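Undergrad: I am sharing upload_37.cif, which consists of mmCIF, C-alpha atoms:
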data_start
#
loop_
_atom_site.label_atom_id
_atom_site.label_comp_id
_atom_site.auth_asym_id
_atom_site.auth_seq_id
_atom_site.Cartn_x
_atom_site.Cartn_y
_atom_site.Cartn_z
CA MET A 1 -50.03 -33.24 52.96
CA VAL A 2 -48.54 -34.37 56.27
CA HIS A 3 -48.56 -31.89 59.13
CA TRP A 4 -45.48 -31.72 61.35
CA SER A 5 -45.55 -29.87 64.66
CA ALA A 6 -42.55 -27.79 65.67
CA GLU A 7 -41.77 -30.33 68.38
CA GLU A 8 -41.84 -33.23 65.91
CA LYS A 9 -39.48 -31.41 63.55
CA ARG A 10 -37.17 -30.64 66.48
CA LEU A 11 -37.14 -34.28 67.62
CA ILE A 12 -36.40 -35.54 64.11
CA ALA A 13 -33.60 -33.03 63.46
CA SER A 14 -32.07 -33.57 66.89
CA LEU A 15 -31.91 -37.35 66.53
CA TRP A 16 -30.76 -37.18 62.91
CA SER A 17 -27.79 -35.00 63.82
CA LYS A 18 -26.49 -37.86 65.98
CA VAL A 19 -27.06 -40.66 63.47
CA ASN A 20 -24.00 -42.31 61.93
CA VAL A 21 -25.48 -42.61 58.46
CA GLU A 22 -22.87 -45.06 57.23
CA GLU A 23 -23.12 -47.48 60.18
CA CYS A 24 -26.88 -47.31 60.65
CA GLY A 25 -27.53 -47.53 56.93
CA ALA A 26 -25.32 -50.57 56.55
CA GLU A 27 -26.89 -52.26 59.55
CA ALA A 28 -30.46 -51.52 58.47
CA LEU A 29 -29.91 -52.97 54.99
CA ALA A 30 -28.03 -55.99 56.36
CA ARG A 31 -30.86 -56.69 58.79
CA LEU A 32 -33.41 -56.38 55.96
CA LEU A 33 -31.54 -59.05 53.99
CA ILE A 34 -31.09 -61.30 57.06
CA VAL A 35 -34.48 -60.94 58.78
CA TYR A 36 -36.47 -60.97 55.51
CA PRO A 37 -34.25 -63.12 53.28
CA TRP A 38 -36.67 -62.96 50.35
CA THR A 39 -35.60 -59.32 49.90
CA GLN A 40 -32.24 -60.64 48.65
CA ARG A 41 -34.01 -61.11 45.32
CA PHE A 42 -33.42 -57.42 44.61
CA PHE A 43 -29.70 -57.63 45.27
CA ASP A 44 -28.47 -60.56 43.16
CA ASN A 45 -25.56 -58.43 42.01
CA PHE A 46 -24.34 -58.21 45.59
CA GLY A 47 -23.19 -61.80 45.47
CA THR A 48 -24.83 -65.12 46.36
CA PRO A 49 -26.93 -65.25 49.55
CA SER A 50 -24.67 -66.06 52.44
CA SER A 51 -24.41 -66.12 56.21
CA PRO A 52 -25.39 -63.14 58.35
CA THR A 53 -21.72 -62.43 59.04
CA THR A 54 -20.82 -62.16 55.38
CA ILE A 55 -23.94 -60.10 54.61
CA ILE A 56 -22.99 -57.61 57.36
CA GLY A 57 -19.43 -57.40 56.07
CA ASN A 58 -20.34 -57.24 52.37
CA PRO A 59 -18.98 -53.91 51.09
CA LYS A 60 -21.78 -53.60 48.50
CA VAL A 61 -24.38 -54.00 51.26
CA ARG A 62 -22.61 -51.40 53.38
CA ALA A 63 -22.30 -48.94 50.49
CA HIS A 64 -25.92 -49.34 49.45
CA GLY A 65 -27.11 -49.06 53.04
CA LYS A 66 -25.27 -45.76 53.33
CA LYS A 67 -26.90 -44.59 50.06
CA VAL A 68 -30.37 -45.48 51.35
CA LEU A 69 -29.93 -43.72 54.66
CA THR A 70 -28.40 -40.67 52.99
CA SER A 71 -31.68 -40.43 51.08
CA PHE A 72 -33.51 -40.42 54.38
CA GLY A 73 -31.39 -37.43 55.27
CA GLU A 74 -32.95 -35.63 52.32
CA ALA A 75 -36.38 -36.37 53.79
CA VAL A 76 -35.30 -34.80 57.09
CA LYS A 77 -34.46 -31.61 55.18
CA ASN A 78 -37.70 -31.74 53.17
CA LEU A 79 -40.28 -32.86 55.71
CA ASP A 80 -42.94 -30.63 54.18
CA ASN A 81 -42.34 -31.89 50.67
CA THR A 82 -41.41 -35.57 50.77
CA LYS A 83 -43.49 -36.63 47.75
CA LYS A 84 -41.71 -34.17 45.47
CA CYS A 85 -38.38 -34.95 47.09
CA PHE A 86 -38.78 -38.69 46.41
CA ALA A 87 -40.63 -38.51 43.06
CA GLN A 88 -37.62 -39.59 41.01
CA LEU A 89 -36.60 -42.33 43.45
CA SER A 90 -40.19 -43.56 43.51
CA LYS A 91 -40.30 -43.83 39.71
CA LEU A 92 -36.97 -45.64 39.79
CA HIS A 93 -38.17 -48.21 42.34
CA CYS A 94 -41.39 -48.77 40.42
CA GLU A 95 -40.41 -48.66 36.76
CA LYS A 96 -36.84 -49.85 36.79
CA LEU A 97 -36.19 -51.78 40.00
CA HIS A 98 -39.72 -53.29 40.26
CA VAL A 99 -39.70 -53.34 44.05
CA ASP A 100 -42.97 -54.20 45.81
CA PRO A 101 -43.53 -51.33 48.30
CA GLU A 102 -44.11 -53.97 50.99
CA ASN A 103 -40.34 -54.23 51.00
CA PHE A 104 -39.86 -50.66 52.19
CA ARG A 105 -39.62 -52.16 55.66
CA VAL A 106 -38.91 -48.88 57.32
CA SER A 107 -39.74 -50.28 60.76
CA LEU A 108 -36.31 -51.93 60.61
CA LEU A 109 -34.68 -48.51 60.76
CA ILE A 110 -36.57 -47.81 64.00
CA ILE A 111 -35.13 -50.97 65.52
CA VAL A 112 -31.59 -50.06 64.42
CA LEU A 113 -31.98 -46.57 65.90
CA ALA A 114 -33.30 -48.07 69.15
CA ALA A 115 -30.27 -50.37 69.36
CA HIS A 116 -27.90 -47.45 68.77
CA PHE A 117 -29.53 -44.90 71.05
CA GLY A 118 -30.84 -47.21 73.77
CA LYS A 119 -32.86 -45.43 76.44
CA ASP A 120 -32.26 -42.09 74.64
CA PHE A 121 -34.66 -43.40 72.00
CA ALA A 122 -37.64 -42.33 74.09
CA PRO A 123 -41.21 -43.36 73.19
CA ALA A 124 -42.01 -39.84 71.91
CA CYS A 125 -38.93 -39.98 69.73
CA GLN A 126 -39.94 -43.40 68.38
CA SER A 127 -43.44 -42.20 67.64
CA THR A 128 -42.22 -39.15 65.68
CA ARG A 129 -39.55 -41.14 63.91
CA GLN A 130 -42.09 -43.81 63.02
CA LYS A 131 -44.35 -41.18 61.48
CA MET A 132 -41.41 -39.93 59.44
CA VAL A 133 -40.32 -43.32 58.11
CA HIS A 134 -43.88 -44.14 57.09
CA VAL A 135 -44.13 -40.80 55.28
CA VAL A 136 -40.92 -41.65 53.42
CA ALA A 137 -42.18 -45.15 52.52
CA HIS A 138 -45.43 -43.62 51.31
CA ALA A 139 -43.56 -41.03 49.22
CA LEU A 140 -41.40 -43.80 47.73
CA ALA A 141 -44.51 -45.73 46.72
CA HIS A 142 -46.34 -42.65 45.48
CA GLU A 143 -45.35 -42.83 41.82
CA TYR A 144 -46.36 -46.51 41.45
CA MET B 1 -43.29 -70.08 58.42
CA VAL B 2 -41.74 -72.60 60.81
CA LEU B 3 -39.39 -71.97 63.71
CA SER B 4 -36.10 -73.75 63.04
CA ALA B 5 -34.03 -75.39 65.76
CA ASN B 6 -31.74 -72.33 65.62
CA ASP B 7 -34.71 -69.98 66.02
CA LYS B 8 -35.84 -71.86 69.12
CA THR B 9 -32.34 -71.78 70.60
CA ASN B 10 -32.01 -68.06 69.84
CA VAL B 11 -35.36 -67.15 71.41
CA LYS B 12 -34.82 -69.30 74.51
CA GLY B 13 -31.32 -67.89 74.89
CA LEU B 14 -32.58 -64.32 74.58
CA PHE B 15 -35.40 -64.77 77.07
CA GLY B 16 -33.03 -66.54 79.45
CA LYS B 17 -30.62 -63.61 79.40
CA ILE B 18 -33.35 -60.96 79.74
CA GLY B 19 -34.82 -62.85 82.70
CA GLY B 20 -37.27 -61.08 84.98
CA ALA B 21 -36.67 -57.73 83.26
CA ILE B 22 -39.04 -58.91 80.56
CA GLU B 23 -41.99 -57.79 82.71
CA ASP B 24 -40.95 -54.15 82.37
CA LEU B 25 -40.25 -54.59 78.68
CA GLY B 26 -43.88 -55.67 78.24
CA GLY B 27 -45.12 -52.45 79.82
CA GLU B 28 -42.78 -50.27 77.80
CA ALA B 29 -43.77 -52.04 74.58
CA LEU B 30 -47.39 -51.16 75.32
CA ASP B 31 -46.47 -47.53 76.11
CA ARG B 32 -44.72 -47.30 72.75
CA LEU B 33 -47.60 -49.06 70.96
CA PHE B 34 -50.16 -46.54 72.25
CA LEU B 35 -47.95 -43.59 71.41
CA ALA B 36 -46.79 -44.70 67.96
CA TYR B 37 -50.10 -46.29 66.93
CA PRO B 38 -52.85 -44.38 68.74
CA GLN B 39 -55.55 -46.45 67.05
CA THR B 40 -54.52 -49.33 69.36
CA LYS B 41 -55.80 -47.35 72.35
CA THR B 42 -59.32 -48.12 71.17
CA TYR B 43 -58.98 -51.59 72.68
CA PHE B 44 -58.34 -50.14 76.15
CA PRO B 45 -61.05 -47.53 76.80
CA HIS B 46 -61.18 -48.69 80.42
CA PHE B 47 -57.47 -48.07 81.06
CA ASP B 48 -55.50 -45.09 82.27
CA LEU B 49 -53.32 -44.82 79.16
CA HIS B 50 -50.84 -42.25 80.44
CA GLN B 51 -47.30 -43.44 79.82
CA GLY B 52 -46.14 -45.75 82.58
CA SER B 53 -49.55 -46.03 84.24
CA ALA B 54 -50.04 -48.81 86.77
CA GLN B 55 -52.61 -50.45 84.49
CA ILE B 56 -50.26 -50.43 81.51
CA LYS B 57 -47.45 -51.85 83.66
CA ALA B 58 -49.73 -54.60 84.96
CA HIS B 59 -50.98 -55.46 81.49
CA GLY B 60 -47.43 -55.40 80.17
CA LYS B 61 -46.51 -58.04 82.76
CA LYS B 62 -49.38 -60.21 81.50
CA VAL B 63 -48.24 -59.84 77.89
CA ALA B 64 -44.65 -60.65 78.88
CA ALA B 65 -45.79 -63.69 80.86
CA ALA B 66 -47.63 -65.00 77.81
CA LEU B 67 -44.52 -64.59 75.68
CA VAL B 68 -42.46 -66.43 78.30
CA GLU B 69 -45.07 -69.21 78.37
CA ALA B 70 -44.89 -69.48 74.58
CA CYS B 71 -41.10 -69.56 74.76
CA ASN B 72 -41.14 -72.28 77.44
CA HIS B 73 -43.40 -74.38 75.22
CA ILE B 74 -41.88 -73.32 71.95
CA ASP B 75 -42.53 -76.72 70.37
CA ASP B 76 -46.26 -76.29 70.94
CA ILE B 77 -47.13 -72.58 71.11
CA ALA B 78 -50.69 -73.32 69.99
CA GLY B 79 -51.20 -75.67 72.92
CA ALA B 80 -49.56 -73.34 75.43
CA LEU B 81 -51.64 -70.33 74.36
CA SER B 82 -54.86 -72.16 73.54
CA LYS B 83 -56.93 -70.39 76.21
CA LEU B 84 -55.51 -67.00 75.23
CA SER B 85 -56.33 -67.84 71.63
CA ASP B 86 -59.95 -68.56 72.62
CA LEU B 87 -60.11 -65.31 74.58
CA HIS B 88 -58.87 -63.23 71.65
CA ALA B 89 -61.20 -64.96 69.19
CA GLN B 90 -64.38 -64.90 71.28
CA LYS B 91 -64.09 -61.92 73.53
CA LEU B 92 -61.28 -59.49 72.73
CA ARG B 93 -61.30 -59.73 68.92
CA VAL B 94 -58.29 -57.49 68.48
CA ASP B 95 -57.78 -56.95 64.76
CA PRO B 96 -54.94 -59.21 63.58
CA VAL B 97 -52.90 -56.31 62.20
CA ASN B 98 -52.30 -55.07 65.75
CA PHE B 99 -50.27 -58.12 66.76
CA LYS B 100 -47.66 -57.09 64.19
CA LEU B 101 -47.61 -53.59 65.67
CA LEU B 102 -47.11 -54.86 69.23
CA GLY B 103 -44.50 -57.32 67.99
CA HIS B 104 -42.62 -54.43 66.38
CA CYS B 105 -42.75 -52.40 69.60
CA PHE B 106 -41.48 -55.37 71.56
CA LEU B 107 -38.54 -55.67 69.16
CA VAL B 108 -37.85 -51.95 69.65
CA VAL B 109 -37.72 -52.25 73.46
CA VAL B 110 -35.45 -55.29 73.30
CA ALA B 111 -33.19 -53.36 70.90
CA ALA B 112 -33.17 -50.31 73.16
CA HIS B 113 -32.50 -52.20 76.40
CA HIS B 114 -30.43 -55.14 75.17
CA PRO B 115 -28.75 -54.06 71.93
CA SER B 116 -25.90 -56.54 72.26
CA LEU B 117 -28.35 -59.44 72.58
CA LEU B 118 -30.35 -58.50 69.49
CA THR B 119 -27.89 -59.64 66.84
CA PRO B 120 -29.36 -59.85 63.32
CA GLU B 121 -29.79 -63.62 63.71
CA VAL B 122 -31.57 -63.29 67.05
CA HIS B 123 -33.63 -60.42 65.60
CA ALA B 124 -34.78 -62.70 62.76
CA SER B 125 -35.65 -65.51 65.20
CA LEU B 126 -37.50 -63.21 67.59
CA ASP B 127 -39.43 -61.65 64.69
CA LYS B 128 -40.49 -65.13 63.55
CA PHE B 129 -41.41 -66.14 67.10
CA LEU B 130 -43.57 -63.02 67.58
CA CYS B 131 -45.29 -63.71 64.23
CA ALA B 132 -45.93 -67.28 65.35
CA VAL B 133 -47.47 -66.04 68.62
CA GLY B 134 -49.65 -63.56 66.72
CA ASN B 135 -50.78 -66.31 64.35
CA VAL B 136 -51.75 -68.57 67.26
CA LEU B 137 -53.71 -65.79 68.95
CA THR B 138 -55.70 -65.09 65.78
CA ALA B 139 -55.96 -68.71 64.60
CA LYS B 140 -59.53 -69.21 65.79
CA TYR B 141 -60.90 -65.87 64.53
CA ARG B 142 -62.67 -67.47 61.58
#
Just give me the structure as structure tokens.

TA:
Amino acid sequence: MVHWSAEEKRLIASLWSKVNVEECGAEALARLLIVYPWTQRFFDNFGTPSSPTTIIGNPKVRAHGKKVLTSFGEAVKNLDNTKKCFAQLSKLHCEKLHVDPENFRVSLLIIVLAAHFGKDFAPACQSTRQKMVHVVAHALAHEY
Amino acid sequence: MVLSANDKTNVKGLFGKIGGAIEDLGGEALDRLFLAYPQTKTYFPHFDLHQGSAQIKAHGKKVAAALVEACNHIDDIAGALSKLSDLHAQKLRVDPVNFKLLGHCFLVVVAAHHPSLLTPEVHASLDKFLCAVGNVLTAKYR
């Protein structure tokens, strides 16, 4: 089980309260599809692969990005119990969606947060956030 | 993975706009690397690793200079970084996984300091460029 200090929990909650889940979620998913184009294989129903501009503007990408980041919000509320929190989602990604966990490129979210928060995204904040996204990725892969 | 003409233009454009500030970005990337991935500190037992230390700043400048050199010779990164590649293979022997970690931290500092420059397309190109640099530095490991 992952141990979170009081300070880490405070940093995570404080940053999360300022995150625009819809915008950051959409941007993170769009960047995944643009920076790692092979991930588009999981989203054929979003339309044919297209230019970065159309990927960013694609309403299905935006909606799904918001869904993904809303899930992260659940992790923020369940830091001490992420494996249980993500058990169903993990089974879904393994048994139904067949997503290689390598594709849980959670580091992308860190880059999106850095772009949105700029210098407010201090190194300590990045470090704690990074720990959290890796815990989420691990929980998502747990039921494989 | 090959850098396209667009990738080269994007990376050169980005580095051109960041200019001399890249030296500080190198230092901050290292600060973030040591904090987020403490196992990387094992390669610097001789350093003062407190955030913002003079040694980290100086080393960050070196790292940034190497990236600039690679960018200036983007058609032949292997040639431009050949001596650095030898150094990493024969003397430093930093585990290859750590180049990805430093690359990620460098992307984070560019995003934090120059968010408008790091469009998704430039992000993709810079990610590829940093992978290419990492590959060159580990090319002679075995």

Undergrad: Please provide as a PDB file with C-alpha atoms, keeping the file's coordinate frame all residues within 12 Å of B:Phe15, with the sequence filter that same-chain residues fewer than 3 positions apart are discarded (counting only C-alpha atoms).

TA:
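Just written: selection.pdb:
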ATOM      1  CA  LYS B   8     -35.840 -71.860  69.120  1.00  0.00           C
ATOM      2  CA  THR B   9     -32.340 -71.780  70.600  1.00  0.00           C
ATOM      3  CA  ASN B  10     -32.010 -68.060  69.840  1.00  0.00           C
ATOM      4  CA  VAL B  11     -35.360 -67.150  71.410  1.00  0.00           C
ATOM      5  CA  LYS B  12     -34.820 -69.300  74.510  1.00  0.00           C
ATOM      6  CA  ILE B  18     -33.350 -60.960  79.740  1.00  0.00           C
ATOM      7  CA  GLY B  19     -34.820 -62.850  82.700  1.00  0.00           C
ATOM      8  CA  GLY B  20     -37.270 -61.080  84.980  1.00  0.00           C
ATOM      9  CA  ALA B  21     -36.670 -57.730  83.260  1.00  0.00           C
ATOM     10  CA  ILE B  22     -39.040 -58.910  80.560  1.00  0.00           C
ATOM     11  CA  GLU B  23     -41.990 -57.790  82.710  1.00  0.00           C
ATOM     12  CA  LEU B  25     -40.250 -54.590  78.680  1.00  0.00           C
ATOM     13  CA  ALA B  64     -44.650 -60.650  78.880  1.00  0.00           C
ATOM     14  CA  ALA B  65     -45.790 -63.690  80.860  1.00  0.00           C
ATOM     15  CA  LEU B  67     -44.520 -64.590  75.680  1.00  0.00           C
ATOM     16  CA  VAL B  68     -42.460 -66.430  78.300  1.00  0.00           C
ATOM     17  CA  GLU B  69     -45.070 -69.210  78.370  1.00  0.00           C
ATOM     18  CA  ALA B  70     -44.890 -69.480  74.580  1.00  0.00           C
ATOM     19  CA  CYS B  71     -41.100 -69.560  74.760  1.00  0.00           C
ATOM     20  CA  ASN B  72     -41.140 -72.280  77.440  1.00  0.00           C
ATOM     21  CA  ILE B  74     -41.880 -73.320  71.950  1.00  0.00           C
ATOM     22  CA  VAL B 110     -35.450 -55.290  73.300  1.00  0.00           C
ATOM     23  CA  HIS B 114     -30.430 -55.140  75.170  1.00  0.00           C
ATOM     24  CA  LEU B 117     -28.350 -59.440  72.580  1.00  0.00           C
ATOM     25  CA  LEU B 118     -30.350 -58.500  69.490  1.00  0.00           C
ATOM     26  CA  VAL B 122     -31.570 -63.290  67.050  1.00  0.00           C
ATOM     27  CA  SER B 125     -35.650 -65.510  65.200  1.00  0.00           C
ATOM     28  CA  LEU B 126     -37.500 -63.210  67.590  1.00  0.00           C
ATOM     29  CA  PHE B 129     -41.410 -66.140  67.100  1.00  0.00           C
TER      30      PHE B 129
END

Undergrad: Which residues are close to stretch 26-36 of chain B, i.e. within 8 Å by only C-alpha atoms, leaving aside same-chain residues fewer than 2 positions away? Reply as a PDB file with C-alpha atoms, keeping the file's coordinate frame.

TA:
ATOM      1  CA  PRO A 123     -41.210 -43.360  73.190  1.00  0.00           C
ATOM      2  CA  ALA A 124     -42.010 -39.840  71.910  1.00  0.00           C
ATOM      3  CA  GLN A 126     -39.940 -43.400  68.380  1.00  0.00           C
ATOM      4  CA  SER A 127     -43.440 -42.200  67.640  1.00  0.00           C
ATOM      5  CA  THR A 128     -42.220 -39.150  65.680  1.00  0.00           C
ATOM      6  CA  GLN A 130     -42.090 -43.810  63.020  1.00  0.00           C
ATOM      7  CA  LYS A 131     -44.350 -41.180  61.480  1.00  0.00           C
TER       8      LYS A 131
ATOM      9  CA  ILE B  22     -39.040 -58.910  80.560  1.00  0.00           C
ATOM     10  CA  GLU B  23     -41.990 -57.790  82.710  1.00  0.00           C
ATOM     11  CA  ASP B  24     -40.950 -54.150  82.370  1.00  0.00           C
ATOM     12  CA  PRO B  38     -52.850 -44.380  68.740  1.00  0.00           C
ATOM     13  CA  GLN B  39     -55.550 -46.450  67.050  1.00  0.00           C
ATOM     14  CA  THR B  40     -54.520 -49.330  69.360  1.00  0.00           C
ATOM     15  CA  LYS B  41     -55.800 -47.350  72.350  1.00  0.00           C
ATOM     16  CA  LEU B  49     -53.320 -44.820  79.160  1.00  0.00           C
ATOM     17  CA  GLN B  51     -47.300 -43.440  79.820  1.00  0.00           C
ATOM     18  CA  GLY B  52     -46.140 -45.750  82.580  1.00  0.00           C
ATOM     19  CA  ILE B  56     -50.260 -50.430  81.510  1.00  0.00           C
ATOM     20  CA  LYS B  57     -47.450 -51.850  83.660  1.00  0.00           C
ATOM     21  CA  ALA B  58     -49.730 -54.600  84.960  1.00  0.00           C
ATOM     22  CA  HIS B  59     -50.980 -55.460  81.490  1.00  0.00           C
ATOM     23  CA  GLY B  60     -47.430 -55.400  80.170  1.00  0.00           C
ATOM     24  CA  LYS B  61     -46.510 -58.040  82.760  1.00  0.00           C
ATOM     25  CA  LYS B  62     -49.380 -60.210  81.500  1.00  0.00           C
ATOM     26  CA  VAL B  63     -48.240 -59.840  77.890  1.00  0.00           C
ATOM     27  CA  ALA B  64     -44.650 -60.650  78.880  1.00  0.00           C
ATOM     28  CA  LEU B 101     -47.610 -53.590  65.670  1.00  0.00           C
ATOM     29  CA  LEU B 102     -47.110 -54.860  69.230  1.00  0.00           C
ATOM     30  CA  CYS B 105     -42.750 -52.400  69.600  1.00  0.00           C
ATOM     31  CA  PHE B 106     -41.480 -55.370  71.560  1.00  0.00           C
ATOM     32  CA  VAL B 108     -37.850 -51.950  69.650  1.00  0.00           C
ATOM     33  CA  VAL B 109     -37.720 -52.250  73.460  1.00  0.00           C
TER      34      VAL B 109
END

Undergrad: Can you pull out every residue within 9 Å of A:Asn81, counting all atoms listed in the file, but drop anything in the same chain fewer than 6 positions away, and send it as a PyMOL selection string?

TA: chain A and resi 1-2+75

Undergrad: Could you save the residues just selected, with C-alpha atoms, as a compact mmCIF listing (two decimals), in the coordinates of the input?

TA:
# COMPACT_ATOMS: atom_id res chain seq x y z
CA MET A 1 -50.03 -33.24 52.96
CA VAL A 2 -48.54 -34.37 56.27
CA ALA A 75 -36.38 -36.37 53.79

Undergrad: If we count only C-alpha atoms and set the cut-off at 12 Å, which residues sit around A:Asp120, ignoring sequence neighbours fewer than 6 positions away in its own chain? Please answer as a PyMOL selection string.

TA: (chain A and resi 11+14-15+18+113-114+126) or (chain B and resi 109+111-113)

Undergrad: Any idea what's packed within 12 Å of B:Gln90, counting only C-alpha atoms, ignoring anything in its chain fewer than 3 positions away? Could you give it as JSON, numbers by chain?

TA: {"B": [83, 84, 85, 86, 87, 93, 94, 137, 138, 139, 140, 141, 142]}

Undergrad: Take the residues just selected and output them with C-alpha atoms as a compact mmCIF listing (two decimals), in the frame of the given file.

TA:
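Output contents, as saved in result-v4.txt:
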# COMPACT_ATOMS: atom_id res chain seq x y z
CA LYS B 83 -56.93 -70.39 76.21
CA LEU B 84 -55.51 -67.00 75.23
CA SER B 85 -56.33 -67.84 71.63
CA ASP B 86 -59.95 -68.56 72.62
CA LEU B 87 -60.11 -65.31 74.58
CA ARG B 93 -61.30 -59.73 68.92
CA VAL B 94 -58.29 -57.49 68.48
CA LEU B 137 -53.71 -65.79 68.95
CA THR B 138 -55.70 -65.09 65.78
CA ALA B 139 -55.96 -68.71 64.60
CA LYS B 140 -59.53 -69.21 65.79
CA TYR B 141 -60.90 -65.87 64.53
CA ARG B 142 -62.67 -67.47 61.58

Undergrad: Add whatever atoms are absent from stretch 14-26 of chain B to reach N, CA, C and O atoms, and provide the output as a tab-separated table (two decimals), keeping the file's coordinate frame.

TA:
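Output (selection11.tsv):
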chain	number	residue	atom	x	y	z
B	14	LEU	N	-32.28	-65.74	74.35
B	14	LEU	CA	-32.58	-64.32	74.58
B	14	LEU	C	-33.42	-64.14	75.83
B	14	LEU	O	-33.11	-63.33	76.71
B	15	PHE	N	-34.50	-64.90	75.92
B	15	PHE	CA	-35.40	-64.77	77.07
B	15	PHE	C	-34.67	-65.14	78.36
B	15	PHE	O	-34.90	-64.53	79.41
B	16	GLY	N	-33.80	-66.14	78.27
B	16	GLY	CA	-33.03	-66.54	79.45
B	16	GLY	C	-32.16	-65.40	79.95
B	16	GLY	O	-32.05	-65.14	81.14
B	17	LYS	N	-31.53	-64.70	79.01
B	17	LYS	CA	-30.62	-63.61	79.40
B	17	LYS	C	-31.39	-62.38	79.89
B	17	LYS	O	-30.94	-61.68	80.79
B	18	ILE	N	-32.55	-62.11	79.30
B	18	ILE	CA	-33.35	-60.96	79.74
B	18	ILE	C	-33.92	-61.23	81.13
B	18	ILE	O	-34.03	-60.33	81.98
B	19	GLY	N	-34.32	-62.47	81.37
B	19	GLY	CA	-34.82	-62.85	82.70
B	19	GLY	C	-36.05	-62.08	83.11
B	19	GLY	O	-36.91	-61.75	82.30
B	20	GLY	N	-36.09	-61.74	84.41
B	20	GLY	CA	-37.27	-61.08	84.98
B	20	GLY	C	-37.54	-59.70	84.42
B	20	GLY	O	-38.66	-59.19	84.51
B	21	ALA	N	-36.50	-59.09	83.80
B	21	ALA	CA	-36.67	-57.73	83.26
B	21	ALA	C	-37.72	-57.69	82.15
B	21	ALA	O	-38.18	-56.63	81.76
B	22	ILE	N	-38.09	-58.88	81.66
B	22	ILE	CA	-39.04	-58.91	80.56
B	22	ILE	C	-40.38	-58.31	80.95
B	22	ILE	O	-41.12	-57.78	80.11
B	23	GLU	N	-40.71	-58.34	82.25
B	23	GLU	CA	-41.99	-57.79	82.71
B	23	GLU	C	-42.06	-56.30	82.38
B	23	GLU	O	-43.09	-55.82	81.89
B	24	ASP	N	-40.96	-55.59	82.65
B	24	ASP	CA	-40.95	-54.15	82.37
B	24	ASP	C	-40.93	-53.89	80.87
B	24	ASP	O	-41.48	-52.89	80.39
B	25	LEU	N	-40.28	-54.76	80.14
B	25	LEU	CA	-40.25	-54.59	78.68
B	25	LEU	C	-41.67	-54.67	78.11
B	25	LEU	O	-42.02	-53.94	77.18
B	26	GLY	N	-42.50	-55.55	78.69
B	26	GLY	CA	-43.88	-55.67	78.24
B	26	GLY	C	-44.62	-54.35	78.39
B	26	GLY	O	-45.30	-53.89	77.48
